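Let me begin by presenting the structure, written as structure tokens, before commenting on it.
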Amino acid sequence: MAVHKIVLFYGFAPLADPRAVQLWQRALAERWDLRGRVIVAEHGINATLEGTVENLKQYVKTTRTYPGFENIDVKWSDGSGADFPRLSVKVRPELVAFGAPEALQMGTDGVQGGGARLSPQELNDLVARRGDDVVMFDGRNAFEAEIGRFRDAVVPDVATTRDFVDVLDSGAYDELKDRPVVTYCTGGVRCEVLSKLMVDRGFSEVYQLDGGIVRYGEAFGDDGLWDGSLYVFDDRRHVEFGPATVPLGRCAACQAVTALYENCGDPSCSTLTLCCEDCAATHREGRCDACITERPGGTVRETRGREQRVEGALHATV
């Protein structure tokens with residue numbers, strides 16, 4: 001029986017013809033029967049794909065032959081074979097939609113002028129040396145941090161990645177400019193860009209967690225500075241790094257501990273609500289407040305299809 005895996009990676013490299021890279025990546029993914037999403041921009045590539053181990057190995061091997069992609073850090077995790085509904089390969093202005101493509105200058109080792117890279121062990125060493133002075137700065141959407149985050153992290157109240165620029169420009173975090181700030185995100189791409197935006201705005205000591213939460217969790221499991229579950233943009237919805245993981249999320253209905261996000265029964269619902277297993281079925285049978293407000297005459301689909309539940313995975317960043 002075929003073993004399915006999911007690969008997550010990004011690579012910053014100047015691309016002279018993103019459209020040509022898009023067509024090549026689509027052909028490559030289709031050849032190896034992969035599903036998921038690939039984003040190509042003039043700054044590089046960002047991808048999350050699922051397939052059999054053998055097919056993914058062939059895909060990764062070929063992708064690494066492209067100039068600038070030779071050293072991409074590919075993160076592997078377990079898949080079910082049905083975690084993405086289809087393949088999406090798109091060209092976009094940015095790999096991650098901060099709305100600031102002009103801020104990025106590419107070099108042979110990625111974004112120039114960003115925060116210093118820290119390995120998982122180097123992060124632990126920094127915290128051991130400097131204690132509470134170190135600020136862990138979450139570079140994800142706020143809802144992702146509800147089920148897991150670094151201990152005592154600063155979590156900006158942002159609904160989308162684009163909101164970060166306005167939050168930084170508002171001066172809300174200016175008091176952190178003279179402290180060591182470590183940006184982090186799921187796989188590293190968002191915090192690499194965010195670290196550059198913070199450096200540009202006068203933060204004096206900025207770091208980025210190399211490889212993101214995924215690499216940290218692989219290194220330390222439940223025994224490090226990370227607490228709870230990791231939200232992921234596919235049908236798994238969340239992953240844990242060890243058997244002792246306790247999610248930080250609370251069910252919106254009964255306050256039970258949970259890491260499960262669910263849409264309501266409205267087939268157009270894009271609002272994720274934390275639900276425990278006992279309350280999830282009831283939530284899927286009704287309509288959430290957001291859907292009622294947006295579509296007062298809407299209906300409830302008897303069974304939400306996978307395509308509706310995981311479509312967001314094809315438009316997400318890591």
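Convention: chains lettered A, B, ... in structure tokens order; per-chain residue numbering from 1; ligands numbered from 1 as shown.
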- Mind checking which residues fall within 7 Å of segment 118-124 of chain A, counting only C-alpha atoms, ignoring those fewer than 6 positions away in the same chain, and posting them as a ChimeraX atom specification? /A:207-210,216,219
Export N, CA and C atoms of the chosen residues as a compact mmCIF listing (two decimals), in the first residue's frame?
# COMPACT_ATOMS: atom_id res chain seq x y z
N TYR A 207 15.51 38.52 15.01
CA TYR A 207 15.87 37.17 14.61
C TYR A 207 14.68 36.51 13.92
N GLN A 208 14.95 35.43 13.20
CA GLN A 208 13.89 34.61 12.62
C GLN A 208 14.18 33.15 12.96
N LEU A 209 13.12 32.41 13.29
CA LEU A 209 13.29 31.00 13.60
C LEU A 209 13.42 30.22 12.30
N ASP A 210 14.60 29.74 12.01
CA ASP A 210 14.88 29.05 10.76
C ASP A 210 14.10 27.73 10.70
N TYR A 216 11.18 23.40 14.81
CA TYR A 216 11.33 23.44 16.26
C TYR A 216 10.60 22.25 16.90
N ALA A 219 12.47 19.08 16.55
CA ALA A 219 13.66 19.02 17.39
C ALA A 219 13.35 18.75 18.86
Counting only C-alpha atoms, give me one row per residue of segment 213-269 of chain A with an atom at most 7 Å from an atom of segment 75-89 of chain A, showing the shortest contact pair and its distance in Å to one decimal, sorted by chain then residue number, as a Markdown table.
| residue | atom | partner | partner_atom | distance |
| --- | --- | --- | --- | --- |
| A:Asp234 | CA | A:Asp83 | CA | 5.7 |
| A:Asp235 | CA | A:Asp83 | CA | 4.7 |
| A:Arg236 | CA | A:Asp83 | CA | 6.6 |
Using only C-alpha atoms, which protein or nucleic acid residues come within 12 Å of Trp24 of chain A? Drop anything in the same chain fewer than 6 positions from it, and give the result as a PDB file with N, CA and C atoms, in the first residue's frame.
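And here is the file that came out, selection_24.pdb:
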ATOM      1  N   ASP A  17      11.449  34.763 -14.943  1.00  0.00           N
ATOM      2  CA  ASP A  17      10.198  34.451 -15.650  1.00  0.00           C
ATOM      3  C   ASP A  17       9.306  33.580 -14.764  1.00  0.00           C
ATOM      4  N   PRO A  18       8.583  34.181 -13.814  1.00  0.00           N
ATOM      5  CA  PRO A  18       7.719  33.391 -12.921  1.00  0.00           C
ATOM      6  C   PRO A  18       6.675  32.565 -13.675  1.00  0.00           C
ATOM      7  N   GLU A  30       1.702  17.542 -11.873  1.00  0.00           N
ATOM      8  CA  GLU A  30       0.730  16.673 -12.547  1.00  0.00           C
ATOM      9  C   GLU A  30       1.369  15.350 -12.944  1.00  0.00           C
ATOM     10  N   ARG A  31       2.613  15.412 -13.366  1.00  0.00           N
ATOM     11  CA  ARG A  31       3.304  14.176 -13.756  1.00  0.00           C
ATOM     12  C   ARG A  31       3.385  13.201 -12.597  1.00  0.00           C
ATOM     13  N   VAL A  38       1.015  25.523  -5.010  1.00  0.00           N
ATOM     14  CA  VAL A  38       2.328  26.094  -5.285  1.00  0.00           C
ATOM     15  C   VAL A  38       2.112  27.554  -5.659  1.00  0.00           C
ATOM     16  N   VAL A  40       4.180  30.902  -7.056  1.00  0.00           N
ATOM     17  CA  VAL A  40       5.406  31.364  -7.689  1.00  0.00           C
ATOM     18  C   VAL A  40       5.326  32.883  -7.801  1.00  0.00           C
ATOM     19  N   TYR A  59       9.585  14.587  -7.399  1.00  0.00           N
ATOM     20  CA  TYR A  59       9.252  16.011  -7.553  1.00  0.00           C
ATOM     21  C   TYR A  59      10.306  16.894  -6.894  1.00  0.00           C
ATOM     22  N   THR A  62      13.684  16.947  -8.753  1.00  0.00           N
ATOM     23  CA  THR A  62      13.670  17.760  -9.967  1.00  0.00           C
ATOM     24  C   THR A  62      13.581  19.248  -9.639  1.00  0.00           C
ATOM     25  N   THR A  63      12.778  19.615  -8.650  1.00  0.00           N
ATOM     26  CA  THR A  63      12.654  21.025  -8.274  1.00  0.00           C
ATOM     27  C   THR A  63      13.999  21.580  -7.833  1.00  0.00           C
ATOM     28  N   TYR A  66      16.591  23.425 -10.228  1.00  0.00           N
ATOM     29  CA  TYR A  66      16.412  24.792 -10.730  1.00  0.00           C
ATOM     30  C   TYR A  66      17.370  25.737 -10.005  1.00  0.00           C
ATOM     31  N   VAL A  89      -1.540  25.870  -8.878  1.00  0.00           N
ATOM     32  CA  VAL A  89      -0.223  26.457  -9.123  1.00  0.00           C
ATOM     33  C   VAL A  89      -0.455  27.855  -9.698  1.00  0.00           C
ATOM     34  N   LYS A  90      -0.069  28.878  -8.948  1.00  0.00           N
ATOM     35  CA  LYS A  90      -0.396  30.251  -9.344  1.00  0.00           C
ATOM     36  C   LYS A  90       0.820  31.164  -9.285  1.00  0.00           C
ATOM     37  N   VAL A  91       0.799  32.191 -10.119  1.00  0.00           N
ATOM     38  CA  VAL A  91       1.762  33.283 -10.037  1.00  0.00           C
ATOM     39  C   VAL A  91       1.120  34.418  -9.268  1.00  0.00           C
TER      40      VAL A  91
END
- Could you name the residues that touch Val154 of chain A at 12 Å or less, counting only C-alpha atoms, but leaving out those on the same chain fewer than 6 positions away, as a PyMOL selection string? chain A and resi 134-140+142+145+172-173+176+181-184
May I have the residues from that selection written out with N, CA and C atoms, as an mmCIF file, in the first residue's frame?
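Result written to result.cif:
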data_model
loop_
_atom_site.group_PDB
_atom_site.id
_atom_site.type_symbol
_atom_site.label_atom_id
_atom_site.label_comp_id
_atom_site.auth_asym_id
_atom_site.auth_seq_id
_atom_site.Cartn_x
_atom_site.Cartn_y
_atom_site.Cartn_z
ATOM 1 N N VAL A 134 13.817 38.283 25.913
ATOM 2 C CA VAL A 134 13.558 37.798 24.550
ATOM 3 C C VAL A 134 12.062 37.835 24.266
ATOM 4 N N VAL A 135 11.695 38.396 23.120
ATOM 5 C CA VAL A 135 10.297 38.488 22.706
ATOM 6 C C VAL A 135 10.058 37.523 21.553
ATOM 7 N N MET A 136 9.168 36.570 21.745
ATOM 8 C CA MET A 136 8.729 35.702 20.656
ATOM 9 C C MET A 136 7.552 36.399 19.968
ATOM 10 N N PHE A 137 7.707 36.689 18.681
ATOM 11 C CA PHE A 137 6.730 37.494 17.942
ATOM 12 C C PHE A 137 6.075 36.623 16.878
ATOM 13 N N ASP A 138 4.793 36.353 17.047
ATOM 14 C CA ASP A 138 4.062 35.435 16.167
ATOM 15 C C ASP A 138 3.780 36.097 14.820
ATOM 16 N N GLY A 139 4.237 35.461 13.750
ATOM 17 C CA GLY A 139 4.040 36.000 12.411
ATOM 18 C C GLY A 139 2.887 35.366 11.664
ATOM 19 N N ARG A 140 1.968 34.730 12.386
ATOM 20 C CA ARG A 140 0.822 34.076 11.755
ATOM 21 C C ARG A 140 -0.445 34.882 11.986
ATOM 22 N N ALA A 142 -3.891 35.618 13.792
ATOM 23 C CA ALA A 142 -4.129 35.464 15.227
ATOM 24 C C ALA A 142 -4.856 34.156 15.563
ATOM 25 N N ALA A 145 -2.789 31.072 16.422
ATOM 26 C CA ALA A 145 -2.129 31.032 17.731
ATOM 27 C C ALA A 145 -3.065 30.604 18.850
ATOM 28 N N ALA A 172 2.281 50.214 17.562
ATOM 29 C CA ALA A 172 1.777 49.394 18.665
ATOM 30 C C ALA A 172 2.878 48.593 19.356
ATOM 31 N N TYR A 173 3.943 48.284 18.638
ATOM 32 C CA TYR A 173 5.008 47.465 19.220
ATOM 33 C C TYR A 173 6.345 48.199 19.266
ATOM 34 N N LEU A 176 9.163 47.448 21.756
ATOM 35 C CA LEU A 176 10.001 46.252 21.598
ATOM 36 C C LEU A 176 11.240 46.520 20.750
ATOM 37 N N VAL A 181 13.982 40.387 19.417
ATOM 38 C CA VAL A 181 12.686 39.925 18.928
ATOM 39 C C VAL A 181 12.911 38.757 17.972
ATOM 40 N N VAL A 182 12.254 37.634 18.235
ATOM 41 C CA VAL A 182 12.355 36.452 17.383
ATOM 42 C C VAL A 182 11.027 36.261 16.669
ATOM 43 N N THR A 183 11.020 36.425 15.352
ATOM 44 C CA THR A 183 9.801 36.178 14.584
ATOM 45 C C THR A 183 9.702 34.685 14.281
ATOM 46 N N TYR A 184 8.465 34.190 14.289
ATOM 47 C CA TYR A 184 8.263 32.773 13.957
ATOM 48 C C TYR A 184 6.942 32.585 13.228
#
- Task: Could you please write out, as a PyMOL selection string, every residue of segment 77-276 of chain A that DSSP assigns to helix (DSSP H, G or I)?
- Result: chain A and resi 101-103+120-133+142-145+163-169+174-176+189-200+212-223
- Message: Taking 2 positions as the minimum chain separation for residues in the same chain, which residues sit within 12 Å of Pro101 of chain A when counting only C-alpha atoms? Answer as a ChimeraX atom specification.
- Response: /A:41-44,92-99,103-106,111,162,165,193-194,196-197
